[in-house]
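Here the structure comes first, spelled out in structure tokens, and everything after it is commentary.
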Amino acid sequence: MIEVEHLTKRYRNATAVDDLSFSVPRGRITGFLGPNGAGKTTTLRVLLGLALPTSGRATVAGRRYRDLSAPLRSVGAVLEASNYHPARSGRSHLRVLAAAAGISRARVDRVLAEVELSDAAKRRVGGYSLGMRQRLSVAGALLGEPELLVLDEPANGLDPEGIRWLRNFLRSFAGRGGTVFVSSHVLAEMSRLADEVVIIHRGRLVAHQSVSELTLQAAGATRVRSPRADELLGRLSDAGVEAESTGAGTLAVNAPPEQVGDLAAEAGIPLHELVADPGSLEEAFLELTAEPEPQQ
Amino acid sequence: MNALRAELLKAVTTRLLLWFGLGLLAFLVLVLSIHIGSHDLEGLSELSTQRSTLAFGGLAAIVAVLIGSLLVTGEYAHGTINQSLLAVPVREKLLGAKLTAAVIVVFAIAVLTDAATLLIAEIWYQGRGVSLHLGRETLAPFLGAVGASMLAGGIGVGIGALLRRQTGAIVAILLWLLIGEGVITAVGDASRFAPGHALGAVVAAHEVGSRDMLGVWPAAVVGLLYAAIFCGAGFLVVLGSDAPSSGD
């Protein structure tokens, strides 16, 4: 659905995106992660034709955004919540977009209802809360009934209720067969929402995997509790498995629970607890984007 | 056509035009009152005085250049250029729509300004007991004001695209009109070719020029050249630059 091929974007003295390549498959929710300044927004803006690439290309369904015959009917984009004329009403803002894309006025009222902004439609956007502006952005993205949504930090500034609304909305959109490409630095939210993630750091790709694969890689030690913990520690050591006592008959073992359980069973050592410490997207993200230690 | 409709809708869904219209009307009342009130009855009866009175409709051209620039710079000031480019990603098309919309909007403003000028002048002349002659000789500046406003709107769009900063564009335009045009008068006859002088000559609508002022048609060609140069340069800048963003 989205193809980014050897994309590089340089500003005067800085390289925001550096030979970045990845693809986003159709019908899935793909998260786009990276620390602040990693180049996420720049990549999305090049994809949407708002910034010009230094080299490489970014396409939607094989075409540059500007070459799409009906862009708003193909791609719905949610960018910064500040891209509004404060004196224009929410409805007028959408009517302008609808007019530009040849979309009917009736559709404007339908999307306002869909994002629960009908009551505020006639109010000036300058008086909207940040959450209402985000919803208006989503309404604009939905105007053309696109099959792809591209969102840049859509949860920024939203309260918990707004975040839940957004999550449910995106799930519902994807459930109807839509494709979602969403950048965020709210990792907990992304791990609940995305099927897969693209992680970039300093403008370069560092990972592109499913969320489950990533969290598995980041899985931590196995915690095991036994009345014969010292004996188990010796057995593990003999088997070449790293382990350490964490007190009160508990060990932290650097091996999967299956291996620990088998070794204990062979030695006839009873176990009272055997728990795999689940990894998290946050741990995986921090590992992948960790800055190298400065050399002495 | 869709892009043009959207640009016209943008122009009428804020209060920009309303405030400019009210400001222009108030200014017209003021300057026409001073102009007509300061002439004696004999002077008011002269066709040349009546013609210069009705030429005050040309003030619309000053508003036109500001509106033209604001239709572009306003998008950058509020970040709405991003939404506009998402809806109309072919920048040449978007800029073409903006230029056309600006010309249509300032055409309407110039016609309304002419009508207001005529109404205010008529009220003053009747009040002073002098009949206002309405014929080709006195009404020519009305067409000139419309033409000059359309050219000024085009120049304004070009300046807006070139600078893209709202305050910078307004300051540049006002400085040029208030100081630049005055300073350039010192160069002599060549000052007739300055943008303000040329558009003034279009408003004055004299078929034959003088040492101080071009004839209406040469002046219109000069105005058109300025519009083409500013739009050409401004559009090249927009085509070759990124839309503004605050993200990473």
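For the structure tokens, the naming scheme is as follows: chains receive sequential letters (A, B, ...) according to their order of presentation, residues are indexed from 1 within each chain, and ligands are indexed from 1 in presentation order.
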
Report task. Write down as a PyMOL selection string the residues belonging to segment 149-217 of chain B that are assigned helix (DSSP H, G or I) by DSSP computed on the backbone. Result -> chain B and resi 149-163+166-193+195-204+216-217

Write to file, as an mmCIF file, in the first residue's frame, the residues of the selection just made, with C-alpha atoms.
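again-v2.cif, written as the output of this step:
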```
data_model
loop_
_atom_site.group_PDB
_atom_site.id
_atom_site.type_symbol
_atom_site.label_atom_id
_atom_site.label_comp_id
_atom_site.auth_asym_id
_atom_site.auth_seq_id
_atom_site.Cartn_x
_atom_site.Cartn_y
_atom_site.Cartn_z
ATOM 1 C CA SER B 149 -7.682 46.056 -9.033
ATOM 2 C CA MET B 150 -7.544 42.817 -10.982
ATOM 3 C CA LEU B 151 -3.908 43.475 -11.889
ATOM 4 C CA ALA B 152 -3.144 44.456 -8.288
ATOM 5 C CA GLY B 153 -4.802 41.252 -7.033
ATOM 6 C CA GLY B 154 -2.520 39.239 -9.311
ATOM 7 C CA ILE B 155 0.550 41.135 -8.127
ATOM 8 C CA GLY B 156 -0.557 40.550 -4.517
ATOM 9 C CA VAL B 157 -0.840 36.783 -5.072
ATOM 10 C CA GLY B 158 2.664 36.797 -6.560
ATOM 11 C CA ILE B 159 4.115 38.776 -3.647
ATOM 12 C CA GLY B 160 2.332 36.473 -1.171
ATOM 13 C CA ALA B 161 3.755 33.376 -2.847
ATOM 14 C CA LEU B 162 7.203 34.951 -2.996
ATOM 15 C CA LEU B 163 7.358 35.969 0.668
ATOM 16 C CA GLN B 166 1.892 37.438 6.224
ATOM 17 C CA THR B 167 3.352 40.335 8.194
ATOM 18 C CA GLY B 168 6.381 40.582 5.908
ATOM 19 C CA ALA B 169 4.207 40.758 2.797
ATOM 20 C CA ILE B 170 1.878 43.428 4.222
ATOM 21 C CA VAL B 171 4.796 45.528 5.475
ATOM 22 C CA ALA B 172 6.605 45.215 2.140
ATOM 23 C CA ILE B 173 3.521 46.260 0.175
ATOM 24 C CA LEU B 174 2.718 49.217 2.421
ATOM 25 C CA LEU B 175 6.336 50.402 2.529
ATOM 26 C CA TRP B 176 6.502 50.304 -1.233
ATOM 27 C CA LEU B 177 3.225 52.161 -1.678
ATOM 28 C CA LEU B 178 3.908 54.765 1.001
ATOM 29 C CA ILE B 179 7.638 55.305 0.486
ATOM 30 C CA GLY B 180 8.962 53.396 -2.518
ATOM 31 C CA GLU B 181 6.596 54.917 -5.065
ATOM 32 C CA GLY B 182 7.371 58.392 -3.728
ATOM 33 C CA VAL B 183 11.112 57.878 -3.795
ATOM 34 C CA ILE B 184 11.077 56.469 -7.298
ATOM 35 C CA THR B 185 9.410 59.643 -8.556
ATOM 36 C CA ALA B 186 12.848 61.236 -8.200
ATOM 37 C CA VAL B 187 14.142 59.212 -11.158
ATOM 38 C CA GLY B 188 11.999 61.303 -13.492
ATOM 39 C CA ASP B 189 9.954 60.008 -16.419
ATOM 40 C CA ALA B 190 10.918 56.408 -15.748
ATOM 41 C CA SER B 191 8.834 56.489 -12.572
ATOM 42 C CA ARG B 192 5.798 56.086 -14.843
ATOM 43 C CA PHE B 193 6.805 52.447 -15.085
ATOM 44 C CA PRO B 195 3.974 49.428 -10.334
ATOM 45 C CA GLY B 196 1.980 51.966 -8.335
ATOM 46 C CA HIS B 197 2.320 54.631 -10.990
ATOM 47 C CA ALA B 198 1.336 52.189 -13.723
ATOM 48 C CA LEU B 199 -1.765 50.987 -11.869
ATOM 49 C CA GLY B 200 -2.644 54.613 -11.102
ATOM 50 C CA ALA B 201 -2.507 55.296 -14.819
ATOM 51 C CA VAL B 202 -4.852 52.369 -15.455
ATOM 52 C CA VAL B 203 -7.309 53.886 -12.949
ATOM 53 C CA ALA B 204 -6.975 57.352 -14.498
ATOM 54 C CA VAL B 216 -4.182 53.399 -20.094
ATOM 55 C CA TRP B 217 -3.149 50.593 -22.446
#
```

Residues of chain B within 9 Å of chain A: nearest atom pair and distance (Å, one decimal) for each, counting only C-alpha atoms, sorted by chain and number, as CSV?
```
residue,atom,partner,partner_atom,distance
B:Met1,CA,A:Ala100,CA,8.4
B:Asn2,CA,A:Ala100,CA,4.8
B:Ala3,CA,A:Ala100,CA,4.6
B:Leu4,CA,A:Ala100,CA,7.6
B:Arg5,CA,A:Ala99,CA,6.2
B:Ala6,CA,A:Ala100,CA,5.0
B:Glu7,CA,A:Val96,CA,7.6
B:Leu8,CA,A:Val96,CA,8.9
B:Leu9,CA,A:Val96,CA,6.1
B:Lys10,CA,A:Val96,CA,6.4
B:Thr13,CA,A:Arg88,CA,6.1
B:Thr14,CA,A:Arg88,CA,5.6
B:Arg15,CA,A:Ala87,CA,7.6
B:Gly74,CA,A:His85,CA,8.4
B:Glu75,CA,A:His85,CA,8.0
B:Ala77,CA,A:His85,CA,8.8
B:His78,CA,A:His85,CA,5.6
B:Gly79,CA,A:Asn83,CA,4.5
B:Thr80,CA,A:Asn83,CA,4.9
B:Ile81,CA,A:Asn83,CA,7.9
B:Asn82,CA,A:Leu50,CA,6.8
B:Gln83,CA,A:Asn83,CA,7.1
B:Ser84,CA,A:Leu97,CA,7.3
B:Leu85,CA,A:Leu50,CA,6.9
B:Leu86,CA,A:Leu48,CA,7.0
B:Ala87,CA,A:Leu72,CA,6.0
B:Val88,CA,A:Ala100,CA,6.8
B:Pro89,CA,A:Arg66,CA,4.8
B:Val90,CA,A:Arg66,CA,5.6
B:Arg91,CA,A:Arg66,CA,8.6
B:Gly240,CA,A:Leu52,CA,7.8
B:Ser241,CA,A:Leu52,CA,7.1
B:Asp242,CA,A:Ala51,CA,4.3
B:Ala243,CA,A:Leu50,CA,5.3
B:Pro244,CA,A:Leu50,CA,8.2
B:Ser245,CA,A:Glu80,CA,8.2
B:Ser246,CA,A:Glu80,CA,8.0
B:Gly247,CA,A:Thr41,CA,5.6
B:Asp248,CA,A:Gly37,CA,4.7
```

I need the chosen residues saved as an mmCIF file, in the first residue's frame, with N, CA and C atoms.
```cif
data_model
loop_
_atom_site.group_PDB
_atom_site.id
_atom_site.type_symbol
_atom_site.label_atom_id
_atom_site.label_comp_id
_atom_site.auth_asym_id
_atom_site.auth_seq_id
_atom_site.Cartn_x
_atom_site.Cartn_y
_atom_site.Cartn_z
ATOM 1 N N MET B 1 -11.634 23.226 -11.563
ATOM 2 C CA MET B 1 -12.850 23.953 -11.161
ATOM 3 C C MET B 1 -13.131 23.745 -9.669
ATOM 4 N N ASN B 2 -12.921 22.491 -9.209
ATOM 5 C CA ASN B 2 -13.125 22.214 -7.777
ATOM 6 C C ASN B 2 -12.173 23.049 -6.927
ATOM 7 N N ALA B 3 -10.931 23.148 -7.388
ATOM 8 C CA ALA B 3 -9.933 23.908 -6.628
ATOM 9 C C ALA B 3 -10.324 25.381 -6.564
ATOM 10 N N LEU B 4 -10.865 25.915 -7.651
ATOM 11 C CA LEU B 4 -11.298 27.319 -7.668
ATOM 12 C C LEU B 4 -12.468 27.527 -6.710
ATOM 13 N N ARG B 5 -13.422 26.595 -6.739
ATOM 14 C CA ARG B 5 -14.569 26.691 -5.816
ATOM 15 C C ARG B 5 -14.077 26.706 -4.381
ATOM 16 N N ALA B 6 -13.107 25.843 -4.079
ATOM 17 C CA ALA B 6 -12.576 25.777 -2.709
ATOM 18 C C ALA B 6 -11.899 27.090 -2.329
ATOM 19 N N GLU B 7 -11.156 27.671 -3.261
ATOM 20 C CA GLU B 7 -10.464 28.927 -2.958
ATOM 21 C C GLU B 7 -11.462 30.063 -2.730
ATOM 22 N N LEU B 8 -12.516 30.088 -3.521
ATOM 23 C CA LEU B 8 -13.539 31.130 -3.314
ATOM 24 C C LEU B 8 -14.239 30.937 -1.974
ATOM 25 N N LEU B 9 -14.474 29.668 -1.644
ATOM 26 C CA LEU B 9 -15.109 29.363 -0.348
ATOM 27 C C LEU B 9 -14.219 29.804 0.809
ATOM 28 N N LYS B 10 -12.907 29.587 0.651
ATOM 29 C CA LYS B 10 -11.972 30.032 1.700
ATOM 30 C C LYS B 10 -12.091 31.539 1.898
ATOM 31 N N THR B 13 -15.387 32.456 3.838
ATOM 32 C CA THR B 13 -15.727 31.827 5.124
ATOM 33 C C THR B 13 -14.902 32.380 6.282
ATOM 34 N N THR B 14 -14.176 33.454 6.057
ATOM 35 C CA THR B 14 -13.596 34.190 7.176
ATOM 36 C C THR B 14 -14.095 35.634 7.040
ATOM 37 N N ARG B 15 -13.754 36.484 7.986
ATOM 38 C CA ARG B 15 -14.257 37.859 7.928
ATOM 39 C C ARG B 15 -13.282 38.823 7.263
ATOM 40 N N GLY B 74 -2.024 33.989 4.237
ATOM 41 C CA GLY B 74 -2.908 33.534 5.315
ATOM 42 C C GLY B 74 -2.841 32.021 5.470
ATOM 43 N N GLU B 75 -2.676 31.320 4.362
ATOM 44 C CA GLU B 75 -2.587 29.852 4.397
ATOM 45 C C GLU B 75 -1.310 29.402 5.119
ATOM 46 N N ALA B 77 0.340 31.353 7.307
ATOM 47 C CA ALA B 77 0.284 31.837 8.690
ATOM 48 C C ALA B 77 -0.484 30.867 9.585
ATOM 49 N N HIS B 78 -1.553 30.284 9.064
ATOM 50 C CA HIS B 78 -2.385 29.391 9.879
ATOM 51 C C HIS B 78 -2.077 27.914 9.639
ATOM 52 N N GLY B 79 -1.164 27.636 8.736
ATOM 53 C CA GLY B 79 -0.811 26.231 8.463
ATOM 54 C C GLY B 79 -1.813 25.519 7.582
ATOM 55 N N THR B 80 -2.849 26.240 7.117
ATOM 56 C CA THR B 80 -3.874 25.572 6.304
ATOM 57 C C THR B 80 -3.351 25.194 4.917
ATOM 58 N N ILE B 81 -2.167 25.700 4.567
ATOM 59 C CA ILE B 81 -1.579 25.321 3.282
ATOM 60 C C ILE B 81 -1.374 23.799 3.226
ATOM 61 N N ASN B 82 -1.129 23.194 4.394
ATOM 62 C CA ASN B 82 -0.968 21.734 4.428
ATOM 63 C C ASN B 82 -2.257 21.033 3.988
ATOM 64 N N GLN B 83 -3.381 21.479 4.539
ATOM 65 C CA GLN B 83 -4.671 20.876 4.173
ATOM 66 C C GLN B 83 -4.968 21.142 2.694
ATOM 67 N N SER B 84 -4.636 22.351 2.248
ATOM 68 C CA SER B 84 -4.907 22.696 0.851
ATOM 69 C C SER B 84 -4.108 21.801 -0.091
ATOM 70 N N LEU B 85 -2.838 21.552 0.285
ATOM 71 C CA LEU B 85 -1.993 20.721 -0.579
ATOM 72 C C LEU B 85 -2.381 19.246 -0.501
ATOM 73 N N LEU B 86 -2.976 18.837 0.608
ATOM 74 C CA LEU B 86 -3.468 17.459 0.671
ATOM 75 C C LEU B 86 -4.657 17.280 -0.273
ATOM 76 N N ALA B 87 -5.500 18.318 -0.344
ATOM 77 C CA ALA B 87 -6.679 18.227 -1.208
ATOM 78 C C ALA B 87 -6.320 18.463 -2.673
ATOM 79 N N VAL B 88 -5.380 19.390 -2.905
ATOM 80 C CA VAL B 88 -4.953 19.705 -4.282
ATOM 81 C C VAL B 88 -3.426 19.629 -4.314
ATOM 82 N N PRO B 89 -2.877 18.418 -4.440
ATOM 83 C CA PRO B 89 -1.427 18.264 -4.310
ATOM 84 C C PRO B 89 -0.619 18.789 -5.494
ATOM 85 N N VAL B 90 -1.265 19.010 -6.607
ATOM 86 C CA VAL B 90 -0.541 19.575 -7.750
ATOM 87 C C VAL B 90 -0.445 21.079 -7.501
ATOM 88 N N ARG B 91 0.735 21.521 -7.122
ATOM 89 C CA ARG B 91 0.880 22.899 -6.642
ATOM 90 C C ARG B 91 0.563 23.938 -7.707
ATOM 91 N N GLY B 240 9.150 24.879 -5.355
ATOM 92 C CA GLY B 240 10.431 24.283 -4.961
ATOM 93 C C GLY B 240 10.662 24.243 -3.466
ATOM 94 N N SER B 241 9.628 24.474 -2.677
ATOM 95 C CA SER B 241 9.847 24.486 -1.216
ATOM 96 C C SER B 241 8.848 23.593 -0.494
ATOM 97 N N ASP B 242 9.195 23.238 0.735
ATOM 98 C CA ASP B 242 8.327 22.407 1.564
ATOM 99 C C ASP B 242 7.239 23.258 2.201
ATOM 100 N N ALA B 243 6.089 22.649 2.413
ATOM 101 C CA ALA B 243 5.044 23.325 3.198
ATOM 102 C C ALA B 243 5.516 23.381 4.651
ATOM 103 N N PRO B 244 5.107 24.408 5.394
ATOM 104 C CA PRO B 244 5.630 24.558 6.757
ATOM 105 C C PRO B 244 5.132 23.460 7.688
ATOM 106 N N SER B 245 6.010 23.098 8.626
ATOM 107 C CA SER B 245 5.663 22.049 9.593
ATOM 108 C C SER B 245 6.360 22.339 10.901
ATOM 109 N N SER B 246 5.788 21.832 11.994
ATOM 110 C CA SER B 246 6.462 21.982 13.283
ATOM 111 C C SER B 246 6.909 20.628 13.829
ATOM 112 N N GLY B 247 6.762 19.580 13.018
ATOM 113 C CA GLY B 247 7.124 18.245 13.496
ATOM 114 C C GLY B 247 8.580 17.915 13.239
ATOM 115 N N ASP B 248 8.958 16.642 13.431
ATOM 116 C CA ASP B 248 10.343 16.241 13.200
ATOM 117 C C ASP B 248 10.491 15.565 11.850
#
```

Query raised in the report: Quick one: residues within 12 Å of Ala264 of chain A, only C-alpha atoms counted, chain neighbours fewer than 4 positions away excluded, as number ranges by chain?
Result: A: 224-236, 239, 257-260, 268-274

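Restricting the calculation to only C-alpha atoms, the smallest distance between Gly223 of chain B and any of B:Gly135, B:Ala61, B:Thr117, B:Leu22 is found for B:Ala61.
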
Taking 5 positions as the minimum chain separation for residues in the same chain, which residues sit within 12 Å of Arg128 of chain B when counting only C-alpha atoms? Answer as a PDB file with N, CA and C atoms, in the first residue's frame.
```pdb
ATOM      1  N   SER B  33     -15.362  62.975   1.042  1.00  0.00           N
ATOM      2  CA  SER B  33     -15.898  64.135   1.760  1.00  0.00           C
ATOM      3  C   SER B  33     -14.881  65.270   1.744  1.00  0.00           C
ATOM      4  N   ILE B  36     -14.534  66.516  -2.134  1.00  0.00           N
ATOM      5  CA  ILE B  36     -15.675  67.286  -2.657  1.00  0.00           C
ATOM      6  C   ILE B  36     -15.907  68.539  -1.804  1.00  0.00           C
ATOM      7  N   GLY B  37     -15.739  68.365  -0.504  1.00  0.00           N
ATOM      8  CA  GLY B  37     -15.969  69.495   0.400  1.00  0.00           C
ATOM      9  C   GLY B  37     -14.965  70.621   0.219  1.00  0.00           C
ATOM     10  N   SER B  38     -13.783  70.293  -0.306  1.00  0.00           N
ATOM     11  CA  SER B  38     -12.734  71.316  -0.416  1.00  0.00           C
ATOM     12  C   SER B  38     -12.794  72.099  -1.740  1.00  0.00           C
ATOM     13  N   HIS B  39     -13.644  71.671  -2.682  1.00  0.00           N
ATOM     14  CA  HIS B  39     -13.760  72.388  -3.959  1.00  0.00           C
ATOM     15  C   HIS B  39     -14.903  73.409  -3.897  1.00  0.00           C
ATOM     16  N   ASP B  40     -14.725  74.507  -4.655  1.00  0.00           N
ATOM     17  CA  ASP B  40     -15.854  75.436  -4.756  1.00  0.00           C
ATOM     18  C   ASP B  40     -16.834  74.899  -5.810  1.00  0.00           C
ATOM     19  N   LEU B  41     -17.980  75.540  -5.917  1.00  0.00           N
ATOM     20  CA  LEU B  41     -19.037  75.022  -6.789  1.00  0.00           C
ATOM     21  C   LEU B  41     -18.605  75.017  -8.249  1.00  0.00           C
ATOM     22  N   GLU B  42     -17.856  76.066  -8.635  1.00  0.00           N
ATOM     23  CA  GLU B  42     -17.407  76.137 -10.027  1.00  0.00           C
ATOM     24  C   GLU B  42     -16.473  74.971 -10.366  1.00  0.00           C
ATOM     25  N   GLY B  43     -15.566  74.709  -9.442  1.00  0.00           N
ATOM     26  CA  GLY B  43     -14.625  73.607  -9.649  1.00  0.00           C
ATOM     27  C   GLY B  43     -15.348  72.273  -9.705  1.00  0.00           C
ATOM     28  N   LEU B  44     -16.342  72.098  -8.862  1.00  0.00           N
ATOM     29  CA  LEU B  44     -17.077  70.828  -8.834  1.00  0.00           C
ATOM     30  C   LEU B  44     -17.823  70.572 -10.142  1.00  0.00           C
ATOM     31  N   SER B  45     -18.175  71.648 -10.825  1.00  0.00           N
ATOM     32  CA  SER B  45     -18.938  71.485 -12.065  1.00  0.00           C
ATOM     33  C   SER B  45     -18.057  71.035 -13.222  1.00  0.00           C
ATOM     34  N   ALA B 121     -20.510  60.153  -3.932  1.00  0.00           N
ATOM     35  CA  ALA B 121     -20.295  61.371  -4.717  1.00  0.00           C
ATOM     36  C   ALA B 121     -21.630  62.021  -5.077  1.00  0.00           C
ATOM     37  N   GLU B 122     -22.582  61.193  -5.485  1.00  0.00           N
ATOM     38  CA  GLU B 122     -23.907  61.698  -5.867  1.00  0.00           C
ATOM     39  C   GLU B 122     -24.569  62.414  -4.691  1.00  0.00           C
ATOM     40  N   ILE B 123     -24.481  61.802  -3.513  1.00  0.00           N
ATOM     41  CA  ILE B 123     -25.082  62.409  -2.315  1.00  0.00           C
ATOM     42  C   ILE B 123     -24.422  63.758  -2.034  1.00  0.00           C
TER      43      ILE B 123
END
```

Report summary line: Pairwise distance, atom CA of Glu116 of chain A with atom CA of Arg135 of chain A, equals 8.0 Å

**Report entry** Nearest to Phe107 of chain B by atom-to-atom distance, counting only C-alpha atoms, from B:Ala233, B:Val63, B:Leu16, B:Leu139
**Finding:**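 Smallest separation from Phe107 of chain B among the options: B:Val63.
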
Query raised in the report: Within 10 Å of Val138 of chain A, counting only C-alpha atoms, which residues qualify if same-chain residues fewer than 4 places away don't, as a list of chain:residue names?
Result: A:Gly76, A:Ala77, A:Val78, A:Leu79, A:Ala81, A:Val111, A:Leu112, A:Glu114, A:Val115, A:Met132, A:Arg133, A:Gln134, A:Leu142, A:Leu143, A:Leu149, A:Leu151, A:Pro154, A:Leu166, A:Phe169

Next, the residues of the selection above should be written as an mmCIF file, in the first residue's frame with C-alpha atoms.
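After the write, again.cif holds the following:
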```cif
data_model
loop_
_atom_site.group_PDB
_atom_site.id
_atom_site.type_symbol
_atom_site.label_atom_id
_atom_site.label_comp_id
_atom_site.auth_asym_id
_atom_site.auth_seq_id
_atom_site.Cartn_x
_atom_site.Cartn_y
_atom_site.Cartn_z
ATOM 1 C CA GLY A 76 -6.987 10.414 4.593
ATOM 2 C CA ALA A 77 -4.310 12.276 6.517
ATOM 3 C CA VAL A 78 -4.308 13.565 10.079
ATOM 4 C CA LEU A 79 -1.460 15.989 10.647
ATOM 5 C CA ALA A 81 -4.006 19.821 15.046
ATOM 6 C CA VAL A 111 -18.363 12.840 8.975
ATOM 7 C CA LEU A 112 -19.023 15.532 11.585
ATOM 8 C CA GLU A 114 -19.144 10.275 12.863
ATOM 9 C CA VAL A 115 -16.529 12.110 14.945
ATOM 10 C CA MET A 132 -11.996 18.574 19.207
ATOM 11 C CA ARG A 133 -9.388 19.721 16.709
ATOM 12 C CA GLN A 134 -8.004 16.212 16.499
ATOM 13 C CA LEU A 142 -12.616 10.556 6.402
ATOM 14 C CA LEU A 143 -14.277 12.969 3.967
ATOM 15 C CA LEU A 149 -5.343 6.607 6.845
ATOM 16 C CA LEU A 151 -1.861 9.807 11.054
ATOM 17 C CA PRO A 154 -2.920 11.637 16.579
ATOM 18 C CA LEU A 166 -9.295 7.216 18.751
ATOM 19 C CA PHE A 169 -12.144 4.378 15.840
#
```

Query raised in the report: Ala11 of chain B: which residues within 8 Å, counting only C-alpha atoms, same-chain residues fewer than 5 positions away excluded, as a count of residues only?
Result: 4
